[in-house]
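Structure data follow from protein_36.pdb (PDB, C-alpha atoms and all ligand atoms):
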```pdb
MODEL        1
ATOM      1  CA  MET B   1     126.765 162.655 110.508  1.00  0.00           C
ATOM      2  CA  SER B   2     128.938 160.578 108.222  1.00  0.00           C
ATOM      3  CA  ILE B   3     131.301 162.625 106.104  1.00  0.00           C
ATOM      4  CA  ILE B   4     131.581 161.384 102.553  1.00  0.00           C
ATOM      5  CA  THR B   5     134.271 163.060 100.522  1.00  0.00           C
ATOM      6  CA  VAL B   6     133.771 162.284  96.889  1.00  0.00           C
ATOM      7  CA  HIS B   7     136.938 163.815  95.447  1.00  0.00           C
ATOM      8  CA  ASN B   8     139.338 161.759  97.560  1.00  0.00           C
ATOM      9  CA  LYS B   9     136.852 158.934  97.995  1.00  0.00           C
ATOM     10  CA  THR B  10     136.623 158.542 101.760  1.00  0.00           C
ATOM     11  CA  ILE B  11     133.758 157.804 104.102  1.00  0.00           C
ATOM     12  CA  GLN B  12     134.258 158.866 107.705  1.00  0.00           C
ATOM     13  CA  LEU B  13     132.056 157.406 110.433  1.00  0.00           C
ATOM     14  CA  LYS B  14     131.800 158.483 114.066  1.00  0.00           C
ATOM     15  CA  ILE B  15     131.034 155.551 116.343  1.00  0.00           C
ATOM     16  CA  VAL B  16     130.507 156.108 120.079  1.00  0.00           C
ATOM     17  CA  TYR B  17     131.008 153.355 122.657  1.00  0.00           C
ATOM     18  CA  TYR B  18     128.484 154.301 125.358  1.00  0.00           C
ATOM     19  CA  GLY B  19     127.682 152.666 128.699  1.00  0.00           C
ATOM     20  CA  PRO B  20     128.089 152.875 132.468  1.00  0.00           C
ATOM     21  CA  GLU B  21     131.389 153.485 134.223  1.00  0.00           C
ATOM     22  CA  ASP B  22     133.776 150.509 134.103  1.00  0.00           C
ATOM     23  CA  SER B  23     131.695 148.429 131.672  1.00  0.00           C
ATOM     24  CA  GLY B  24     134.729 148.003 129.382  1.00  0.00           C
ATOM     25  CA  LYS B  25     134.427 150.737 126.736  1.00  0.00           C
ATOM     26  CA  THR B  26     138.072 151.795 126.838  1.00  0.00           C
ATOM     27  CA  SER B  27     139.226 148.154 126.918  1.00  0.00           C
ATOM     28  CA  SER B  28     137.063 147.427 123.880  1.00  0.00           C
ATOM     29  CA  ILE B  29     138.504 150.148 121.695  1.00  0.00           C
ATOM     30  CA  LYS B  30     142.011 149.246 122.888  1.00  0.00           C
ATOM     31  CA  SER B  31     141.531 145.705 121.671  1.00  0.00           C
ATOM     32  CA  ILE B  32     140.232 146.999 118.317  1.00  0.00           C
ATOM     33  CA  GLY B  33     143.350 149.177 118.121  1.00  0.00           C
ATOM     34  CA  GLN B  34     145.500 146.151 118.801  1.00  0.00           C
ATOM     35  CA  ALA B  35     143.801 144.144 116.061  1.00  0.00           C
ATOM     36  CA  TYR B  36     144.047 146.885 113.429  1.00  0.00           C
ATOM     37  CA  HIS B  37     147.291 148.620 114.346  1.00  0.00           C
ATOM     38  CA  GLY B  38     149.200 145.934 116.232  1.00  0.00           C
ATOM     39  CA  ASP B  39     150.019 148.311 119.059  1.00  0.00           C
ATOM     40  CA  SER B  40     147.050 149.559 121.046  1.00  0.00           C
ATOM     41  CA  GLN B  41     148.872 152.258 122.956  1.00  0.00           C
ATOM     42  CA  SER B  42     150.319 154.327 120.121  1.00  0.00           C
ATOM     43  CA  ASP B  43     147.138 155.261 118.269  1.00  0.00           C
ATOM     44  CA  ILE B  44     144.605 155.710 121.030  1.00  0.00           C
ATOM     45  CA  ILE B  45     144.222 159.185 122.490  1.00  0.00           C
ATOM     46  CA  SER B  46     143.005 159.039 126.089  1.00  0.00           C
ATOM     47  CA  LEU B  47     142.299 161.940 128.393  1.00  0.00           C
ATOM     48  CA  LYS B  48     142.245 160.482 131.882  1.00  0.00           C
ATOM     49  CA  THR B  49     141.467 161.520 135.446  1.00  0.00           C
ATOM     50  CA  LYS B  50     144.015 161.047 138.238  1.00  0.00           C
ATOM     51  CA  GLU B  51     142.391 157.697 138.997  1.00  0.00           C
ATOM     52  CA  GLY B  52     142.915 156.528 135.408  1.00  0.00           C
ATOM     53  CA  ASN B  53     139.278 156.762 134.355  1.00  0.00           C
ATOM     54  CA  THR B  54     138.250 158.351 131.086  1.00  0.00           C
ATOM     55  CA  LEU B  55     137.857 162.104 131.629  1.00  0.00           C
ATOM     56  CA  PHE B  56     136.649 163.384 128.249  1.00  0.00           C
ATOM     57  CA  PHE B  57     136.832 160.491 125.843  1.00  0.00           C
ATOM     58  CA  ASP B  58     139.159 157.940 124.323  1.00  0.00           C
ATOM     59  CA  PHE B  59     139.621 158.311 120.621  1.00  0.00           C
ATOM     60  CA  LEU B  60     140.878 155.827 118.063  1.00  0.00           C
ATOM     61  CA  PRO B  61     140.863 156.246 114.271  1.00  0.00           C
ATOM     62  CA  VAL B  62     140.710 152.981 112.319  1.00  0.00           C
ATOM     63  CA  ASP B  63     141.265 152.809 108.569  1.00  0.00           C
ATOM     64  CA  MET B  64     139.484 149.930 106.959  1.00  0.00           C
ATOM     65  CA  LYS B  65     139.473 148.266 103.591  1.00  0.00           C
ATOM     66  CA  THR B  66     138.064 150.090 100.645  1.00  0.00           C
ATOM     67  CA  ILE B  67     134.456 149.529  99.681  1.00  0.00           C
ATOM     68  CA  ASP B  68     133.452 150.348  96.088  1.00  0.00           C
ATOM     69  CA  GLY B  69     136.644 152.342  95.742  1.00  0.00           C
ATOM     70  CA  TYR B  70     135.925 154.345  98.913  1.00  0.00           C
ATOM     71  CA  ARG B  71     138.271 154.236 101.882  1.00  0.00           C
ATOM     72  CA  VAL B  72     136.383 153.820 105.160  1.00  0.00           C
ATOM     73  CA  ARG B  73     137.720 155.549 108.245  1.00  0.00           C
ATOM     74  CA  THR B  74     135.963 154.964 111.556  1.00  0.00           C
ATOM     75  CA  LEU B  75     136.505 157.322 114.453  1.00  0.00           C
ATOM     76  CA  LEU B  76     135.867 155.464 117.694  1.00  0.00           C
ATOM     77  CA  TYR B  77     134.995 157.437 120.813  1.00  0.00           C
ATOM     78  CA  THR B  78     134.175 156.385 124.362  1.00  0.00           C
ATOM     79  CA  ILE B  79     132.349 158.521 126.901  1.00  0.00           C
ATOM     80  CA  PRO B  80     133.286 159.190 130.531  1.00  0.00           C
ATOM     81  CA  GLY B  81     130.998 156.982 132.624  1.00  0.00           C
ATOM     82  CA  HIS B  82     131.068 158.883 135.893  1.00  0.00           C
ATOM     83  CA  VAL B  83     127.839 160.730 136.719  1.00  0.00           C
ATOM     84  CA  LYS B  84     129.573 164.079 137.099  1.00  0.00           C
ATOM     85  CA  TYR B  85     130.615 164.236 133.424  1.00  0.00           C
ATOM     86  CA  ASP B  86     127.138 164.705 132.051  1.00  0.00           C
ATOM     87  CA  VAL B  87     127.990 167.660 129.791  1.00  0.00           C
ATOM     88  CA  THR B  88     130.986 165.887 128.252  1.00  0.00           C
ATOM     89  CA  ARG B  89     128.902 162.798 127.529  1.00  0.00           C
ATOM     90  CA  LYS B  90     126.438 164.906 125.586  1.00  0.00           C
ATOM     91  CA  LEU B  91     129.189 166.650 123.630  1.00  0.00           C
ATOM     92  CA  VAL B  92     130.747 163.349 122.584  1.00  0.00           C
ATOM     93  CA  LEU B  93     127.387 162.334 121.096  1.00  0.00           C
ATOM     94  CA  ASN B  94     127.331 165.311 118.710  1.00  0.00           C
ATOM     95  CA  GLY B  95     127.305 164.121 115.118  1.00  0.00           C
ATOM     96  CA  VAL B  96     127.298 160.433 116.075  1.00  0.00           C
ATOM     97  CA  ASP B  97     126.697 157.949 113.235  1.00  0.00           C
ATOM     98  CA  ALA B  98     126.368 154.762 115.265  1.00  0.00           C
ATOM     99  CA  ILE B  99     126.436 153.585 118.863  1.00  0.00           C
ATOM    100  CA  VAL B 100     127.741 150.499 120.631  1.00  0.00           C
ATOM    101  CA  PHE B 101     126.072 150.232 124.030  1.00  0.00           C
ATOM    102  CA  VAL B 102     128.520 148.454 126.350  1.00  0.00           C
ATOM    103  CA  ALA B 103     126.608 146.983 129.290  1.00  0.00           C
ATOM    104  CA  ASP B 104     128.316 145.404 132.296  1.00  0.00           C
ATOM    105  CA  SER B 105     126.923 141.875 132.646  1.00  0.00           C
ATOM    106  CA  ARG B 106     127.603 141.668 136.388  1.00  0.00           C
ATOM    107  CA  ALA B 107     124.373 141.320 138.366  1.00  0.00           C
ATOM    108  CA  VAL B 108     125.385 144.249 140.602  1.00  0.00           C
ATOM    109  CA  CYS B 109     125.377 146.524 137.532  1.00  0.00           C
ATOM    110  CA  ARG B 110     121.756 145.936 136.525  1.00  0.00           C
ATOM    111  CA  GLN B 111     120.537 149.393 137.584  1.00  0.00           C
ATOM    112  CA  ALA B 112     123.652 151.180 136.308  1.00  0.00           C
ATOM    113  CA  ASN B 113     123.101 149.703 132.836  1.00  0.00           C
ATOM    114  CA  LYS B 114     119.466 150.794 132.753  1.00  0.00           C
ATOM    115  CA  LYS B 115     120.329 154.267 134.035  1.00  0.00           C
ATOM    116  CA  SER B 116     123.040 154.723 131.421  1.00  0.00           C
ATOM    117  CA  LEU B 117     120.681 153.693 128.622  1.00  0.00           C
ATOM    118  CA  GLU B 118     118.081 156.187 129.870  1.00  0.00           C
ATOM    119  CA  GLN B 119     120.738 158.906 129.902  1.00  0.00           C
ATOM    120  CA  LEU B 120     121.666 158.029 126.348  1.00  0.00           C
ATOM    121  CA  LYS B 121     118.037 158.293 125.208  1.00  0.00           C
ATOM    122  CA  ASP B 122     117.621 161.640 127.000  1.00  0.00           C
ATOM    123  CA  SER B 123     120.784 163.079 125.469  1.00  0.00           C
ATOM    124  CA  LEU B 124     119.764 161.953 121.991  1.00  0.00           C
ATOM    125  CA  SER B 125     116.280 163.383 122.385  1.00  0.00           C
ATOM    126  CA  GLN B 126     117.866 166.738 123.189  1.00  0.00           C
ATOM    127  CA  GLN B 127     119.445 166.494 119.716  1.00  0.00           C
ATOM    128  CA  ASN B 128     116.035 165.530 118.282  1.00  0.00           C
ATOM    129  CA  LYS B 129     117.253 161.999 117.690  1.00  0.00           C
ATOM    130  CA  ASP B 130     115.802 158.688 118.739  1.00  0.00           C
ATOM    131  CA  LEU B 131     117.745 155.566 119.595  1.00  0.00           C
ATOM    132  CA  THR B 132     115.644 153.544 117.173  1.00  0.00           C
ATOM    133  CA  ASP B 133     116.821 155.763 114.268  1.00  0.00           C
ATOM    134  CA  ILE B 134     120.550 155.282 114.866  1.00  0.00           C
ATOM    135  CA  PRO B 135     122.532 152.125 114.056  1.00  0.00           C
ATOM    136  CA  LEU B 136     123.000 150.408 117.412  1.00  0.00           C
ATOM    137  CA  VAL B 137     124.668 147.226 118.667  1.00  0.00           C
ATOM    138  CA  MET B 138     124.361 145.934 122.225  1.00  0.00           C
ATOM    139  CA  GLN B 139     127.570 144.572 123.757  1.00  0.00           C
ATOM    140  CA  TYR B 140     126.989 142.574 126.957  1.00  0.00           C
ATOM    141  CA  ASN B 141     130.501 142.657 128.330  1.00  0.00           C
ATOM    142  CA  LYS B 142     132.527 140.826 131.008  1.00  0.00           C
ATOM    143  CA  SER B 143     130.959 137.477 130.135  1.00  0.00           C
ATOM    144  CA  ASP B 144     134.269 135.830 131.121  1.00  0.00           C
ATOM    145  CA  LEU B 145     133.571 136.585 134.793  1.00  0.00           C
ATOM    146  CA  SER B 146     131.150 133.673 135.115  1.00  0.00           C
ATOM    147  CA  ASP B 147     134.277 131.458 135.198  1.00  0.00           C
ATOM    148  CA  GLN B 148     135.236 133.162 138.438  1.00  0.00           C
ATOM    149  CA  GLY B 149     131.850 132.521 140.038  1.00  0.00           C
ATOM    150  CA  ILE B 150     130.778 136.166 139.816  1.00  0.00           C
ATOM    151  CA  PRO B 151     126.981 136.431 139.432  1.00  0.00           C
ATOM    152  CA  LEU B 152     126.096 137.649 135.945  1.00  0.00           C
ATOM    153  CA  LEU B 153     122.840 138.789 134.362  1.00  0.00           C
ATOM    154  CA  SER B 154     121.605 136.284 131.800  1.00  0.00           C
ATOM    155  CA  PHE B 155     121.472 137.239 128.131  1.00  0.00           C
ATOM    156  CA  GLU B 156     117.655 137.103 128.354  1.00  0.00           C
ATOM    157  CA  THR B 157     117.543 139.470 131.355  1.00  0.00           C
ATOM    158  CA  LEU B 158     119.856 141.932 129.615  1.00  0.00           C
ATOM    159  CA  GLU B 159     117.662 141.783 126.511  1.00  0.00           C
ATOM    160  CA  ILE B 160     114.506 142.472 128.544  1.00  0.00           C
ATOM    161  CA  ASP B 161     116.145 145.295 130.506  1.00  0.00           C
ATOM    162  CA  LEU B 162     117.920 147.037 127.649  1.00  0.00           C
ATOM    163  CA  ASN B 163     116.841 145.853 124.237  1.00  0.00           C
ATOM    164  CA  GLN B 164     113.130 145.154 124.278  1.00  0.00           C
ATOM    165  CA  ILE B 165     112.126 148.162 122.196  1.00  0.00           C
ATOM    166  CA  THR B 166     115.119 148.719 119.942  1.00  0.00           C
ATOM    167  CA  LYS B 167     115.838 145.014 119.289  1.00  0.00           C
ATOM    168  CA  ALA B 168     119.369 145.827 118.190  1.00  0.00           C
ATOM    169  CA  PRO B 169     121.828 143.034 117.361  1.00  0.00           C
ATOM    170  CA  ALA B 170     123.273 141.849 120.702  1.00  0.00           C
ATOM    171  CA  TYR B 171     126.477 140.007 121.592  1.00  0.00           C
ATOM    172  CA  LYS B 172     127.944 138.508 124.753  1.00  0.00           C
ATOM    173  CA  THR B 173     131.507 139.809 124.862  1.00  0.00           C
ATOM    174  CA  SER B 174     134.658 139.955 126.905  1.00  0.00           C
ATOM    175  CA  SER B 175     137.117 142.751 126.324  1.00  0.00           C
ATOM    176  CA  ALA B 176     139.435 141.026 128.816  1.00  0.00           C
ATOM    177  CA  ILE B 177     139.943 138.042 126.516  1.00  0.00           C
ATOM    178  CA  GLY B 178     138.912 139.766 123.281  1.00  0.00           C
ATOM    179  CA  ASN B 179     135.842 137.634 122.748  1.00  0.00           C
ATOM    180  CA  ASN B 180     133.390 139.036 120.156  1.00  0.00           C
ATOM    181  CA  ILE B 181     134.813 142.569 120.369  1.00  0.00           C
ATOM    182  CA  LEU B 182     135.767 142.568 116.685  1.00  0.00           C
ATOM    183  CA  ALA B 183     132.439 140.967 115.719  1.00  0.00           C
ATOM    184  CA  VAL B 184     130.632 143.892 117.362  1.00  0.00           C
ATOM    185  CA  PHE B 185     132.940 146.392 115.671  1.00  0.00           C
ATOM    186  CA  ARG B 186     132.423 144.850 112.225  1.00  0.00           C
ATOM    187  CA  LYS B 187     128.671 144.720 112.752  1.00  0.00           C
ATOM    188  CA  ILE B 188     128.346 148.348 113.820  1.00  0.00           C
ATOM    189  CA  THR B 189     130.585 149.500 110.971  1.00  0.00           C
ATOM    190  CA  SER B 190     128.529 147.659 108.377  1.00  0.00           C
ATOM    191  CA  MET B 191     125.299 149.060 109.861  1.00  0.00           C
ATOM    192  CA  ALA B 192     126.724 152.604 109.876  1.00  0.00           C
ATOM    193  CA  LEU B 193     127.864 152.205 106.264  1.00  0.00           C
ATOM    194  CA  ALA B 194     124.451 150.940 105.174  1.00  0.00           C
ATOM    195  CA  ASP B 195     122.863 153.916 106.918  1.00  0.00           C
ATOM    196  CA  ALA B 196     125.266 156.386 105.266  1.00  0.00           C
ATOM    197  CA  HIS B 197     124.472 154.810 101.907  1.00  0.00           C
ATOM    198  CA  LYS B 198     120.729 155.106 102.526  1.00  0.00           C
ATOM    199  CA  ASN B 199     121.055 158.762 103.580  1.00  0.00           C
ATOM    200  CA  LEU B 200     123.046 159.471 100.462  1.00  0.00           C
ATOM    201  CA  ALA B 201     120.404 157.812  98.276  1.00  0.00           C
ATOM    202  CA  ASP B 202     117.637 159.791 100.047  1.00  0.00           C
ATOM    203  CA  GLN B 203     119.472 163.044  99.347  1.00  0.00           C
ATOM    204  CA  ALA B 204     120.218 162.321  95.713  1.00  0.00           C
ATOM    205  CA  PRO B 205     118.337 164.471  93.215  1.00  0.00           C
ATOM    206  CA  GLN B 206     115.345 162.645  91.734  1.00  0.00           C
TER     207      GLN B 206
HETATM  208  N1  LIG T   1     136.947 140.449 133.559  1.00  0.00           N
HETATM  209  C1  LIG T   1     136.761 141.452 132.731  1.00  0.00           C
HETATM  210  N2  LIG T   1     137.195 142.679 133.048  1.00  0.00           N
HETATM  211  C2  LIG T   1     136.988 143.690 132.174  1.00  0.00           C
HETATM  212  C3  LIG T   1     136.342 143.493 130.923  1.00  0.00           C
HETATM  213  N3  LIG T   1     136.301 144.688 130.287  1.00  0.00           N
HETATM  214  C4  LIG T   1     136.892 145.568 131.090  1.00  0.00           C
HETATM  215  N4  LIG T   1     137.310 144.989 132.235  1.00  0.00           N
HETATM  216  C5  LIG T   1     137.979 145.634 133.380  1.00  0.00           C
HETATM  217  O1  LIG T   1     137.068 146.572 133.930  1.00  0.00           O
HETATM  218  C6  LIG T   1     137.739 147.772 134.316  1.00  0.00           C
HETATM  219  C7  LIG T   1     137.147 148.965 133.571  1.00  0.00           C
HETATM  220  O2  LIG T   1     137.418 148.820 132.178  1.00  0.00           O
HETATM  221  P1  LIG T   1     137.433 150.089 131.206  1.00  0.00           P
HETATM  222  O3  LIG T   1     137.641 149.591 129.829  1.00  0.00           O
HETATM  223  O4  LIG T   1     138.382 151.127 131.706  1.00  0.00           O
HETATM  224  O5  LIG T   1     135.938 150.607 131.406  1.00  0.00           O
HETATM  225  P2  LIG T   1     135.227 151.934 130.890  1.00  0.00           P
HETATM  226  O6  LIG T   1     135.008 152.798 132.100  1.00  0.00           O
HETATM  227  O7  LIG T   1     133.927 151.478 130.329  1.00  0.00           O
HETATM  228  O8  LIG T   1     136.100 152.585 129.843  1.00  0.00           O
HETATM  229  C8  LIG T   1     139.219 147.538 134.012  1.00  0.00           C
HETATM  230  O9  LIG T   1     139.834 147.083 135.187  1.00  0.00           O
HETATM  231  C9  LIG T   1     139.197 146.446 132.952  1.00  0.00           C
HETATM  232  O10 LIG T   1     140.361 145.670 132.975  1.00  0.00           O
HETATM  233  C10 LIG T   1     135.893 142.168 130.613  1.00  0.00           C
HETATM  234  O11 LIG T   1     135.312 141.882 129.546  1.00  0.00           O
HETATM  235  N5  LIG T   1     136.123 141.196 131.555  1.00  0.00           N
HETATM  236 MG    MG T   2     136.916 154.553 129.824  1.00  0.00          MG
ENDMDL
END
```
In structure tokens, write the structure found in this file.
Ligand SMILES: Nc1nc2c(ncn2[C@@H]2O[C@H](COP(=O)(O)OP(=O)(O)O)[C@@H](O)[C@H]2O)c(=O)[nH]1
Ligand SMILES: [Mg+2]
Amino acid sequence: MSIITVHNKTIQLKIVYYGPEDSGKTSSIKSIGQAYHGDSQSDIISLKTKEGNTLFFDFLPVDMKTIDGYRVRTLLYTIPGHVKYDVTRKLVLNGVDAIVFVADSRAVCRQANKKSLEQLKDSLSQQNKDLTDIPLVMQYNKSDLSDQGIPLLSFETLEIDLNQITKAPAYKTSSAIGNNILAVFRKITSMALADAHKNLADQAPQ
């Protein structure tokens, strides 16, 4: 749920980067950190396993320009991808305003992407939410790997597998070279802001 504080004029949005293990969620928010703060390491809070994977979540606050006199602060979270962290994944989704689904474009990850999306839908339904009601952007990551001859799923296949019902805006990205990562971030932020604005209008006294 977005938090709008009228007296000090801030809008706070919680955006979760969701997807299978190793799809590039942590790398994505690191490159956003680098773009907005210059130094990715100092602002990101990561709780890692011994192997260096995300244990609970990575967290990055990003302050953005003011809109209509309001300061916008986005709180970016990733989830742990490994199957055994099911409970943590659900907790991270509490109060989410918008979701970026980070799929791994490698052909070998086709099932893992679908499974992760199903998990996301299940977890949301347990909170009485539906994926079609939440601002969502699809990020088809690791597109750079085609240069190395690694078989990738085509954009069309990814759309059929993951985005046929929701028809969310979708981008081919690479968090390794920074391609389209900021475009996805700007898109999801503007969608989350529009949604917060709509919710505010719906709640206003008639
Ligand atoms: N080639 C390539 N490697 C990537 C990309 N994104 C992430 N990786 C690599 O994939 C591995 C997992 O990335 P990470 O961001 O930790 O994935 P997470 O589990 O989703 O948080 C790391 O070795 C990254 O360097 C990408 O767009 N292209
Ligand atoms: Mg991670």
Could you list, as a ChimeraX atom specification, all the residues within 6 Å of ligand MG 2 (chain T), counting only C-alpha atoms and all ligand atoms? /B:25-26,53-54,80
Record the distance separating atom C1 of ligand LIG 1 (chain T) and atom CA of Lys142 of chain B, expressed in Å with one decimal.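 So the answer is 4.6 Å.
Run against this file, the PyMOL selection byres (((not hetatm)) within 7 of (chain T and resi 1)) gives back B:Gly19, B:Pro20, B:Glu21, B:Asp22, B:Ser23, B:Gly24, B:Lys25, B:Thr26, B:Ser27, B:Ser28, B:Asn53, B:Thr54, B:Thr78, B:Pro80, B:Gly81, B:Asn141, B:Lys142, B:Ser143, B:Asp144, B:Leu145, B:Thr173, B:Ser174, B:Ser175, B:Ala176, B:Ile177.
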Expected axis-aligned box over every listed atom of segment 174-185 of chain B, 6 Å added per side, centre plus edges in Å to one decimal, as AutoDock Vina command-line options:
```
--center_x 135.3 --center_y 142.0 --center_z 122.2 --size_x 21.3 --size_y 20.8 --size_z 25.1
```
Just the residues within 12 Å of Leu136 of chain B, please, counting only C-alpha atoms, with nothing from its chain fewer than 6 positions along; format it as a PyMOL selection string. chain B and resi 15-18+96-102+117+120+130+162-163+166-171+184-185+187-192+195
Enumerate, as a list in words, the residues matched when the PyMOL selection byres (((chain B and resi 69) around 12) and not hetatm) is run on the file above. Thr5, Val6, His7, Asn8, Lys9, Thr10, Ile11, Met64, Lys65, Thr66, Ile67, Asp68, Tyr70, Arg71 and Val72 of chain B
Give the answer as one residue: which of B:Ser154, B:Ala196, B:Leu124, B:Cys109 has the shortest atom-to-atom distance to Asn94 of chain B, using only C-alpha atoms? B:Leu124
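Taking atom CA of Ile32 of chain B and atom CA of Ile181 of chain B as endpoints, the distance between them is 7.3 Å.
One distance worth recording is that between atom CA of Phe59 of chain B and atom CA of Gly38 of chain B, which is 16.3 Å.
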Once the PyMOL selection byres (((chain B and resi 83) around 12) and not hetatm) is applied to the coordinates I shared, what remains selected? I want it as a PyMOL selection string. chain B and resi 19-21+55+79-82+84-90+112+115-116+119
Pick out the residues sitting within 7 Å of Leu60 of chain B, and hand them over as a list in words; count all atoms listed in the file, and ignore anything fewer than 4 positions along from it in its own chain. Asp43, Ile44, Ile45, Leu75, Leu76 and Tyr77 of chain B
